[in-house]
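Trainee: Below you'll find the structure I mean.
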Amino acid sequence: MTAPAIWAVIPAAGRGTRFGGDVPKQYLEAAGQPLIAHALDALLGHPAVAGAVVALAAGDERWPGWTQRHGKPVLRCVGGGERADSVLAALQALPADIAADALVLVHDAARPNLRRDDLDRLIDAACTSADGAILAAPVRDTLKRADGDGRITATEPREALWRALTPQAFRRDALVEALRQARADGAVVTDEAMAMERTGARPRLVEGREDNLKVTTPADLALAEFLLARRESSLLP
């Protein structure tokens, strides 16, 4: 029996206001391509991933019009004002023949340095976990709690704390239901795992590389450029 196809979803309707400038951060270039191109290539370059749906802002004129990459389909839909709205719209835009229990990978459009070995381990973990799995990194820095004046009030224990990364992998219908329930409850969920947690699910944490960074500042973009250039140079004969 053939396993259900794995599809990827990329929410890309945001403006990236924290970065600044007129260009949404997913379209900023690093190593000669927009960040979203690197994100798509990392996903669609994996043999287990059959295609991707990208959720765009209404009237997005910067979208290059890709309909496929790596010989695999790239579909698009109109996203929403919040990340969860865009992910839900993309899930609803998946091809009609995608199974209810098919694994869906949700990945940030501005996270260009996803490595194949991380994706391998995430897919393996999610395939054996009914509650799905996410890439994450243990918190290694000392954490401080601040008051309203920016003064330290406490040092927080970091044991058992992780930073959520992407992709995050869940069964299609379970994630759809979790996102719909969060919307109905008026809850703002900042990632897909949070929506699943609200239903009682306990997604598995898969330790991922620290350099799978999300570009949110100009310094992040410079680091992403360096990392991608280094990867490309390592592939040269």
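Just so we're on the same page: first chain in the structure tokens is A, next is B, and so on; residues restart at 1 for each chain, and ligands are numbered from 1 in the order they show up.
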So that I can check the surroundings of A:Ala52, please list as JSON, numbers by chain every protein, DNA and RNA residue that reaches within 10 Å of it, counting only C-alpha atoms and ignoring chain neighbours fewer than 5 positions away.
Mentor: {"A": [6, 7, 8, 9, 10, 40, 43, 44, 67, 68, 69, 72, 73, 74, 75, 76, 90, 94, 104, 105, 106]}
Trainee: Which residues of stretch 101-164 of chain A sit at most 12 Å from stretch 31-34 of chain A, using only C-alpha atoms? Give each one's shortest atom pair and distance in Å (one decimal place), in chain and ascending residue order, as CSV.
Mentor:
residue,atom,partner,partner_atom,distance
A:Ala109,CA,A:Pro34,CA,9.5
A:Ala110,CA,A:Pro34,CA,8.9
A:Arg111,CA,A:Pro34,CA,10.8
A:Pro112,CA,A:Pro34,CA,8.9
A:Asn113,CA,A:Ala31,CA,11.2
Trainee: As an exercise, work out the distance from atom CA of A:Gly132 to atom CA of A:Asp97 in Å and give it to one decimal place.
Mentor: 21.0 Å
Trainee: As an exercise, work out the distance from atom CA of A:Pro138 to atom CA of A:Arg231 in Å and give it to one decimal place.
Mentor: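 Between atom CA of A:Pro138 and atom CA of A:Arg231 the gap works out to 23.8 Å.
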Trainee: Considering only C-alpha atoms, can you say which of A:Pro203, A:Leu161, A:Arg83, A:Val189 comes closest to A:Ile134?
Mentor: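 That would be A:Pro203, the residue with the smallest distance to A:Ile134.
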Trainee: To test your reading of the structure, identify every residue in stretch 134-201 of chain A that backbone DSSP assigns to strand (DSSP E or B), and report it as number ranges by chain.
Mentor: A: 134-138, 143-146, 152-156, 162-171
Trainee: Please produce an output containing N, CA, C and O atoms for each residue in the selection, written as a compact mmCIF listing (two decimals), in the first residue's frame.
Mentor:
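Generated file (part19.txt):
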# COMPACT_ATOMS: atom_id res chain seq x y z
N ILE A 134 7.58 18.69 15.19
CA ILE A 134 8.13 19.95 14.71
C ILE A 134 9.65 19.94 14.88
O ILE A 134 10.18 19.28 15.77
N LEU A 135 10.34 20.68 14.01
CA LEU A 135 11.74 20.95 14.24
C LEU A 135 11.85 22.01 15.34
O LEU A 135 11.05 22.95 15.39
N ALA A 136 12.81 21.84 16.22
CA ALA A 136 12.98 22.77 17.34
C ALA A 136 14.43 22.72 17.80
O ALA A 136 15.18 21.80 17.46
N ALA A 137 14.82 23.71 18.58
CA ALA A 137 16.18 23.78 19.12
C ALA A 137 16.11 24.05 20.61
O ALA A 137 15.37 24.93 21.05
N PRO A 138 16.86 23.30 21.42
CA PRO A 138 16.87 23.56 22.86
C PRO A 138 17.36 24.98 23.16
O PRO A 138 18.26 25.48 22.48
N LEU A 143 17.97 32.91 30.36
CA LEU A 143 16.73 33.68 30.11
C LEU A 143 16.43 34.60 31.27
O LEU A 143 16.45 34.19 32.43
N LYS A 144 16.12 35.85 30.95
CA LYS A 144 15.77 36.85 31.95
C LYS A 144 14.34 37.33 31.75
O LYS A 144 13.89 37.55 30.63
N ARG A 145 13.62 37.49 32.84
CA ARG A 145 12.29 38.11 32.80
C ARG A 145 12.44 39.58 33.16
O ARG A 145 13.16 39.91 34.10
N ALA A 146 11.75 40.46 32.40
CA ALA A 146 11.88 41.91 32.61
C ALA A 146 10.57 42.51 33.08
O ALA A 146 9.48 41.98 32.82
N ILE A 152 15.61 43.60 35.05
CA ILE A 152 15.48 42.17 35.31
C ILE A 152 14.70 41.94 36.59
O ILE A 152 15.00 42.54 37.63
N THR A 153 13.71 41.08 36.52
CA THR A 153 12.96 40.68 37.72
C THR A 153 13.27 39.25 38.13
O THR A 153 13.06 38.89 39.28
N ALA A 154 13.74 38.42 37.18
CA ALA A 154 14.05 37.03 37.52
C ALA A 154 14.87 36.39 36.42
O ALA A 154 14.85 36.85 35.27
N THR A 155 15.60 35.37 36.79
CA THR A 155 16.27 34.50 35.82
C THR A 155 15.45 33.23 35.73
O THR A 155 15.17 32.58 36.74
N GLU A 156 15.03 32.91 34.52
CA GLU A 156 14.12 31.79 34.32
C GLU A 156 14.91 30.50 34.01
O GLU A 156 15.89 30.54 33.27
N TRP A 162 12.39 24.85 24.56
CA TRP A 162 12.83 24.72 23.18
C TRP A 162 12.33 25.90 22.37
O TRP A 162 11.26 26.45 22.65
N ARG A 163 13.09 26.28 21.33
CA ARG A 163 12.64 27.27 20.35
C ARG A 163 12.00 26.54 19.18
O ARG A 163 12.62 25.65 18.59
N ALA A 164 10.78 26.90 18.86
CA ALA A 164 10.08 26.26 17.75
C ALA A 164 10.66 26.75 16.42
O ALA A 164 10.83 27.95 16.21
N LEU A 165 10.96 25.81 15.53
CA LEU A 165 11.41 26.11 14.18
C LEU A 165 10.36 25.61 13.20
O LEU A 165 9.28 25.19 13.61
N THR A 166 10.66 25.66 11.93
CA THR A 166 9.83 25.00 10.93
C THR A 166 10.75 24.25 9.98
O THR A 166 11.95 24.56 9.91
N PRO A 167 10.21 23.26 9.26
CA PRO A 167 8.82 22.89 9.13
C PRO A 167 8.22 22.28 10.41
O PRO A 167 8.93 21.78 11.25
N GLN A 168 6.88 22.34 10.44
CA GLN A 168 6.08 21.63 11.42
C GLN A 168 5.17 20.69 10.64
O GLN A 168 4.62 21.09 9.62
N ALA A 169 5.04 19.46 11.10
CA ALA A 169 4.39 18.42 10.31
C ALA A 169 3.21 17.80 11.06
O ALA A 169 3.38 17.30 12.18
N PHE A 170 2.04 17.86 10.40
CA PHE A 170 0.82 17.32 11.01
C PHE A 170 -0.06 16.68 9.94
O PHE A 170 0.10 16.95 8.75
N ARG A 171 -0.99 15.85 10.39
CA ARG A 171 -1.97 15.27 9.48
C ARG A 171 -2.93 16.37 9.01
O ARG A 171 -3.32 17.23 9.80
Trainee: Do you have the atom CA of A:Val53-atom CA of A:Val215 distance handy?
Mentor: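 Computed distance, atom CA of A:Val53 to atom CA of A:Val215, equals 20.6 Å.
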Trainee: Would you pick out the contacts of A:Gln181 at 9 Å or less, using only C-alpha atoms, so that residues sharing its chain but fewer than 5 positions from it are not included, and give the list as a list in words?
Mentor: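 Counting only C-alpha atoms, the residues come to Val176, Gly186, Ala187, Ala195, Arg198 and Thr199 of chain A.
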Trainee: Please list as a list of chain:residue names every residue within 9 Å of A:Asp173, counting only C-alpha atoms and excluding residues in the same chain fewer than 2 positions away.
Mentor: A:Leu91, A:Ala99, A:Ala100, A:Asp101, A:Ala102, A:Phe170, A:Arg171, A:Leu175, A:Val176, A:Glu177, A:Ala178
Trainee: Would you mind exporting the chosen residues as a PDB file, in the first residue's frame, restricted to N, CA, C and O atoms?
Mentor:
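Full text of selection-v5.pdb as output:
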ATOM      1  N   LEU A  91      -4.226  24.976   3.318  1.00  0.00           N
ATOM      2  CA  LEU A  91      -4.693  23.603   3.531  1.00  0.00           C
ATOM      3  C   LEU A  91      -5.972  23.334   2.743  1.00  0.00           C
ATOM      4  O   LEU A  91      -6.161  22.251   2.181  1.00  0.00           O
ATOM      5  N   ALA A  99      -5.228  12.807   0.828  1.00  0.00           N
ATOM      6  CA  ALA A  99      -5.905  12.057   1.884  1.00  0.00           C
ATOM      7  C   ALA A  99      -6.037  12.884   3.159  1.00  0.00           C
ATOM      8  O   ALA A  99      -5.213  13.757   3.449  1.00  0.00           O
ATOM      9  N   ALA A 100      -7.087  12.561   3.928  1.00  0.00           N
ATOM     10  CA  ALA A 100      -7.317  13.266   5.189  1.00  0.00           C
ATOM     11  C   ALA A 100      -6.164  13.079   6.157  1.00  0.00           C
ATOM     12  O   ALA A 100      -5.856  13.975   6.953  1.00  0.00           O
ATOM     13  N   ASP A 101      -5.503  11.918   6.098  1.00  0.00           N
ATOM     14  CA  ASP A 101      -4.405  11.646   7.016  1.00  0.00           C
ATOM     15  C   ASP A 101      -3.045  11.898   6.384  1.00  0.00           C
ATOM     16  O   ASP A 101      -2.011  11.502   6.929  1.00  0.00           O
ATOM     17  N   ALA A 102      -3.025  12.588   5.235  1.00  0.00           N
ATOM     18  CA  ALA A 102      -1.745  12.914   4.591  1.00  0.00           C
ATOM     19  C   ALA A 102      -0.959  13.874   5.473  1.00  0.00           C
ATOM     20  O   ALA A 102      -1.517  14.756   6.128  1.00  0.00           O
ATOM     21  N   PHE A 170       2.038  17.859  10.402  1.00  0.00           N
ATOM     22  CA  PHE A 170       0.824  17.324  11.008  1.00  0.00           C
ATOM     23  C   PHE A 170      -0.055  16.681   9.941  1.00  0.00           C
ATOM     24  O   PHE A 170       0.101  16.953   8.747  1.00  0.00           O
ATOM     25  N   ARG A 171      -0.994  15.849  10.390  1.00  0.00           N
ATOM     26  CA  ARG A 171      -1.972  15.271   9.481  1.00  0.00           C
ATOM     27  C   ARG A 171      -2.930  16.366   9.014  1.00  0.00           C
ATOM     28  O   ARG A 171      -3.323  17.235   9.799  1.00  0.00           O
ATOM     29  N   LEU A 175      -4.929  19.153  11.517  1.00  0.00           N
ATOM     30  CA  LEU A 175      -4.477  20.550  11.568  1.00  0.00           C
ATOM     31  C   LEU A 175      -5.586  21.500  11.141  1.00  0.00           C
ATOM     32  O   LEU A 175      -5.767  22.574  11.753  1.00  0.00           O
ATOM     33  N   VAL A 176      -6.337  21.140  10.117  1.00  0.00           N
ATOM     34  CA  VAL A 176      -7.474  21.969   9.699  1.00  0.00           C
ATOM     35  C   VAL A 176      -8.435  22.177  10.866  1.00  0.00           C
ATOM     36  O   VAL A 176      -8.855  23.303  11.165  1.00  0.00           O
ATOM     37  N   GLU A 177      -8.790  21.094  11.546  1.00  0.00           N
ATOM     38  CA  GLU A 177      -9.735  21.185  12.654  1.00  0.00           C
ATOM     39  C   GLU A 177      -9.161  22.024  13.794  1.00  0.00           C
ATOM     40  O   GLU A 177      -9.876  22.823  14.411  1.00  0.00           O
ATOM     41  N   ALA A 178      -7.871  21.863  14.085  1.00  0.00           N
ATOM     42  CA  ALA A 178      -7.250  22.624  15.169  1.00  0.00           C
ATOM     43  C   ALA A 178      -7.262  24.122  14.862  1.00  0.00           C
ATOM     44  O   ALA A 178      -7.536  24.949  15.740  1.00  0.00           O
TER      45      ALA A 178
END
Trainee: Assign secondary structure with DSSP using the backbone only, and return the residues of stretch 23-191 of chain A in alpha helix (DSSP H) as JSON, numbers by chain.
Mentor: {"A": [35, 36, 37, 38, 39, 40, 41, 42, 43, 44, 83, 84, 85, 86, 87, 88, 89, 90, 91, 92, 116, 117, 118, 119, 120, 121, 122, 123, 124, 125, 126, 127, 172, 173, 174, 175, 176, 177, 178, 179, 180, 181, 182, 183, 184]}
Trainee: Would you save the residues from that selection as an mmCIF file, in the first residue's frame, using C-alpha atoms?
Mentor:
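Below is the file that was written, again05.cif:
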data_model
loop_
_atom_site.group_PDB
_atom_site.id
_atom_site.type_symbol
_atom_site.label_atom_id
_atom_site.label_comp_id
_atom_site.auth_asym_id
_atom_site.auth_seq_id
_atom_site.Cartn_x
_atom_site.Cartn_y
_atom_site.Cartn_z
ATOM 1 C CA LEU A 35 14.158 33.703 0.335
ATOM 2 C CA ILE A 36 10.910 31.991 -0.626
ATOM 3 C CA ALA A 37 12.668 30.264 -3.543
ATOM 4 C CA HIS A 38 15.218 28.743 -1.171
ATOM 5 C CA ALA A 39 12.398 27.619 1.143
ATOM 6 C CA LEU A 40 10.472 26.000 -1.723
ATOM 7 C CA ASP A 41 13.568 24.310 -3.119
ATOM 8 C CA ALA A 42 14.474 22.826 0.260
ATOM 9 C CA LEU A 43 11.020 21.268 0.507
ATOM 10 C CA LEU A 44 10.408 20.242 -3.094
ATOM 11 C CA ARG A 83 -0.440 33.311 9.919
ATOM 12 C CA ALA A 84 -3.106 30.809 10.982
ATOM 13 C CA ASP A 85 -5.534 32.233 8.404
ATOM 14 C CA SER A 86 -2.970 31.773 5.633
ATOM 15 C CA VAL A 87 -2.112 28.224 6.681
ATOM 16 C CA LEU A 88 -5.791 27.302 6.825
ATOM 17 C CA ALA A 89 -6.403 28.813 3.381
ATOM 18 C CA ALA A 90 -3.468 26.835 1.960
ATOM 19 C CA LEU A 91 -4.693 23.603 3.531
ATOM 20 C CA GLN A 92 -8.094 24.169 1.959
ATOM 21 C CA ARG A 116 17.867 17.723 4.043
ATOM 22 C CA ASP A 117 18.913 15.736 7.108
ATOM 23 C CA ASP A 118 16.627 17.822 9.348
ATOM 24 C CA LEU A 119 13.747 17.270 6.943
ATOM 25 C CA ASP A 120 14.471 13.536 6.820
ATOM 26 C CA ARG A 121 14.317 13.231 10.597
ATOM 27 C CA LEU A 122 11.200 15.406 10.881
ATOM 28 C CA ILE A 123 9.305 13.318 8.333
ATOM 29 C CA ASP A 124 10.385 10.078 10.002
ATOM 30 C CA ALA A 125 9.218 11.329 13.403
ATOM 31 C CA ALA A 126 5.917 12.740 12.141
ATOM 32 C CA CYS A 127 5.082 9.536 10.275
ATOM 33 C CA ARG A 172 -4.044 17.420 7.143
ATOM 34 C CA ASP A 173 -7.507 17.115 8.695
ATOM 35 C CA ALA A 174 -6.232 17.252 12.283
ATOM 36 C CA LEU A 175 -4.477 20.550 11.568
ATOM 37 C CA VAL A 176 -7.474 21.969 9.699
ATOM 38 C CA GLU A 177 -9.735 21.185 12.654
ATOM 39 C CA ALA A 178 -7.250 22.624 15.169
ATOM 40 C CA LEU A 179 -6.938 25.894 13.240
ATOM 41 C CA ARG A 180 -10.705 26.179 12.795
ATOM 42 C CA GLN A 181 -11.259 25.626 16.513
ATOM 43 C CA ALA A 182 -8.679 28.272 17.422
ATOM 44 C CA ARG A 183 -10.403 30.743 15.101
ATOM 45 C CA ALA A 184 -13.810 29.949 16.592
#
Trainee: Name the residues in contact with A:Gly14 at a cut-off of 12 Å, using only C-alpha atoms, excluding same-chain residues fewer than 4 positions from it; report them as a PDB file with N, CA and C atoms, in the first residue's frame.
Mentor:
ATOM      1  N   ILE A  10       3.273  26.914   2.568  1.00  0.00           N
ATOM      2  CA  ILE A  10       4.106  28.058   2.935  1.00  0.00           C
ATOM      3  C   ILE A  10       3.227  29.299   3.069  1.00  0.00           C
ATOM      4  N   ARG A  18       8.468  44.026  10.689  1.00  0.00           N
ATOM      5  CA  ARG A  18       9.589  44.140  11.625  1.00  0.00           C
ATOM      6  C   ARG A  18      10.911  44.316  10.888  1.00  0.00           C
ATOM      7  N   PHE A  19      10.985  43.818   9.659  1.00  0.00           N
ATOM      8  CA  PHE A  19      12.226  43.961   8.897  1.00  0.00           C
ATOM      9  C   PHE A  19      12.382  45.385   8.400  1.00  0.00           C
ATOM     10  N   VAL A  23       9.907  45.915   0.511  1.00  0.00           N
ATOM     11  CA  VAL A  23       9.850  44.562  -0.035  1.00  0.00           C
ATOM     12  C   VAL A  23       9.526  43.578   1.078  1.00  0.00           C
ATOM     13  N   PRO A  24       8.431  42.820   0.955  1.00  0.00           N
ATOM     14  CA  PRO A  24       8.152  41.776   1.954  1.00  0.00           C
ATOM     15  C   PRO A  24       9.345  40.838   2.070  1.00  0.00           C
ATOM     16  N   LYS A  25       9.664  40.430   3.276  1.00  0.00           N
ATOM     17  CA  LYS A  25      10.940  39.740   3.494  1.00  0.00           C
ATOM     18  C   LYS A  25      11.062  38.441   2.708  1.00  0.00           C
ATOM     19  N   GLN A  26       9.942  37.783   2.378  1.00  0.00           N
ATOM     20  CA  GLN A  26      10.033  36.545   1.609  1.00  0.00           C
ATOM     21  C   GLN A  26      10.598  36.769   0.204  1.00  0.00           C
ATOM     22  N   TYR A  27      10.572  38.014  -0.259  1.00  0.00           N
ATOM     23  CA  TYR A  27      11.085  38.328  -1.596  1.00  0.00           C
ATOM     24  C   TYR A  27      12.476  38.966  -1.568  1.00  0.00           C
ATOM     25  N   VAL A  54       1.342  27.815  -1.731  1.00  0.00           N
ATOM     26  CA  VAL A  54       1.828  29.065  -1.155  1.00  0.00           C
ATOM     27  C   VAL A  54       0.641  30.001  -0.964  1.00  0.00           C
ATOM     28  N   ALA A  55       0.480  30.512   0.245  1.00  0.00           N
ATOM     29  CA  ALA A  55      -0.591  31.469   0.542  1.00  0.00           C
ATOM     30  C   ALA A  55      -0.034  32.880   0.428  1.00  0.00           C
ATOM     31  N   LEU A  56      -0.563  33.653  -0.513  1.00  0.00           N
ATOM     32  CA  LEU A  56      -0.057  34.991  -0.819  1.00  0.00           C
ATOM     33  C   LEU A  56      -1.050  36.061  -0.390  1.00  0.00           C
ATOM     34  N   ALA A  57      -0.555  37.270  -0.224  1.00  0.00           N
ATOM     35  CA  ALA A  57      -1.431  38.411   0.029  1.00  0.00           C
ATOM     36  C   ALA A  57      -2.252  38.705  -1.219  1.00  0.00           C
ATOM     37  N   ALA A  58      -3.462  39.181  -1.023  1.00  0.00           N
ATOM     38  CA  ALA A  58      -4.289  39.580  -2.162  1.00  0.00           C
ATOM     39  C   ALA A  58      -3.567  40.675  -2.950  1.00  0.00           C
ATOM     40  N   ASP A  60      -0.779  40.413  -4.613  1.00  0.00           N
ATOM     41  CA  ASP A  60       0.683  40.308  -4.543  1.00  0.00           C
ATOM     42  C   ASP A  60       1.266  40.357  -5.961  1.00  0.00           C
ATOM     43  N   VAL A  78      -5.000  32.769  -1.848  1.00  0.00           N
ATOM     44  CA  VAL A  78      -4.966  34.041  -1.119  1.00  0.00           C
ATOM     45  C   VAL A  78      -4.975  33.735   0.371  1.00  0.00           C
ATOM     46  N   GLY A  79      -3.990  34.278   1.081  1.00  0.00           N
ATOM     47  CA  GLY A  79      -3.893  34.076   2.515  1.00  0.00           C
ATOM     48  C   GLY A  79      -4.728  35.081   3.291  1.00  0.00           C
ATOM     49  N   GLY A  80      -4.456  35.162   4.594  1.00  0.00           N
ATOM     50  CA  GLY A  80      -5.240  36.044   5.452  1.00  0.00           C
ATOM     51  C   GLY A  80      -4.376  36.986   6.249  1.00  0.00           C
ATOM     52  N   GLY A  81      -4.995  37.668   7.194  1.00  0.00           N
ATOM     53  CA  GLY A  81      -4.300  38.674   7.978  1.00  0.00           C
ATOM     54  C   GLY A  81      -3.367  38.090   9.013  1.00  0.00           C
ATOM     55  N   GLU A  82      -3.642  36.887   9.484  1.00  0.00           N
ATOM     56  CA  GLU A  82      -2.800  36.213  10.464  1.00  0.00           C
ATOM     57  C   GLU A  82      -2.203  34.956   9.843  1.00  0.00           C
ATOM     58  N   ARG A  83      -1.098  34.512  10.418  1.00  0.00           N
ATOM     59  CA  ARG A  83      -0.440  33.311   9.919  1.00  0.00           C
ATOM     60  C   ARG A  83      -1.417  32.134   9.858  1.00  0.00           C
ATOM     61  N   ALA A  84      -2.182  31.943  10.934  1.00  0.00           N
ATOM     62  CA  ALA A  84      -3.106  30.809  10.982  1.00  0.00           C
ATOM     63  C   ALA A  84      -4.132  30.875   9.853  1.00  0.00           C
ATOM     64  N   ASP A  85      -4.576  32.082   9.496  1.00  0.00           N
ATOM     65  CA  ASP A  85      -5.534  32.233   8.404  1.00  0.00           C
ATOM     66  C   ASP A  85      -4.915  31.789   7.082  1.00  0.00           C
ATOM     67  N   SER A  86      -3.643  32.143   6.877  1.00  0.00           N
ATOM     68  CA  SER A  86      -2.970  31.773   5.633  1.00  0.00           C
ATOM     69  C   SER A  86      -2.734  30.272   5.556  1.00  0.00           C
ATOM     70  N   VAL A  87      -2.331  29.672   6.667  1.00  0.00           N
ATOM     71  CA  VAL A  87      -2.112  28.224   6.681  1.00  0.00           C
ATOM     72  C   VAL A  87      -3.422  27.495   6.415  1.00  0.00           C
ATOM     73  N   ASP A 108       8.139  28.278   7.087  1.00  0.00           N
ATOM     74  CA  ASP A 108       8.214  29.728   6.944  1.00  0.00           C
ATOM     75  C   ASP A 108       8.835  30.109   5.602  1.00  0.00           C
ATOM     76  N   ALA A 109       8.231  31.078   4.931  1.00  0.00           N
ATOM     77  CA  ALA A 109       8.748  31.540   3.638  1.00  0.00           C
ATOM     78  C   ALA A 109      10.116  32.202   3.779  1.00  0.00           C
ATOM     79  N   ALA A 110      10.412  32.765   4.947  1.00  0.00           N
ATOM     80  CA  ALA A 110      11.672  33.477   5.160  1.00  0.00           C
ATOM     81  C   ALA A 110      12.648  32.645   5.989  1.00  0.00           C
ATOM     82  N   THR A 216      14.283  37.904  10.088  1.00  0.00           N
ATOM     83  CA  THR A 216      13.375  38.943  10.602  1.00  0.00           C
ATOM     84  C   THR A 216      14.049  40.299  10.692  1.00  0.00           C
TER      85      THR A 216
END
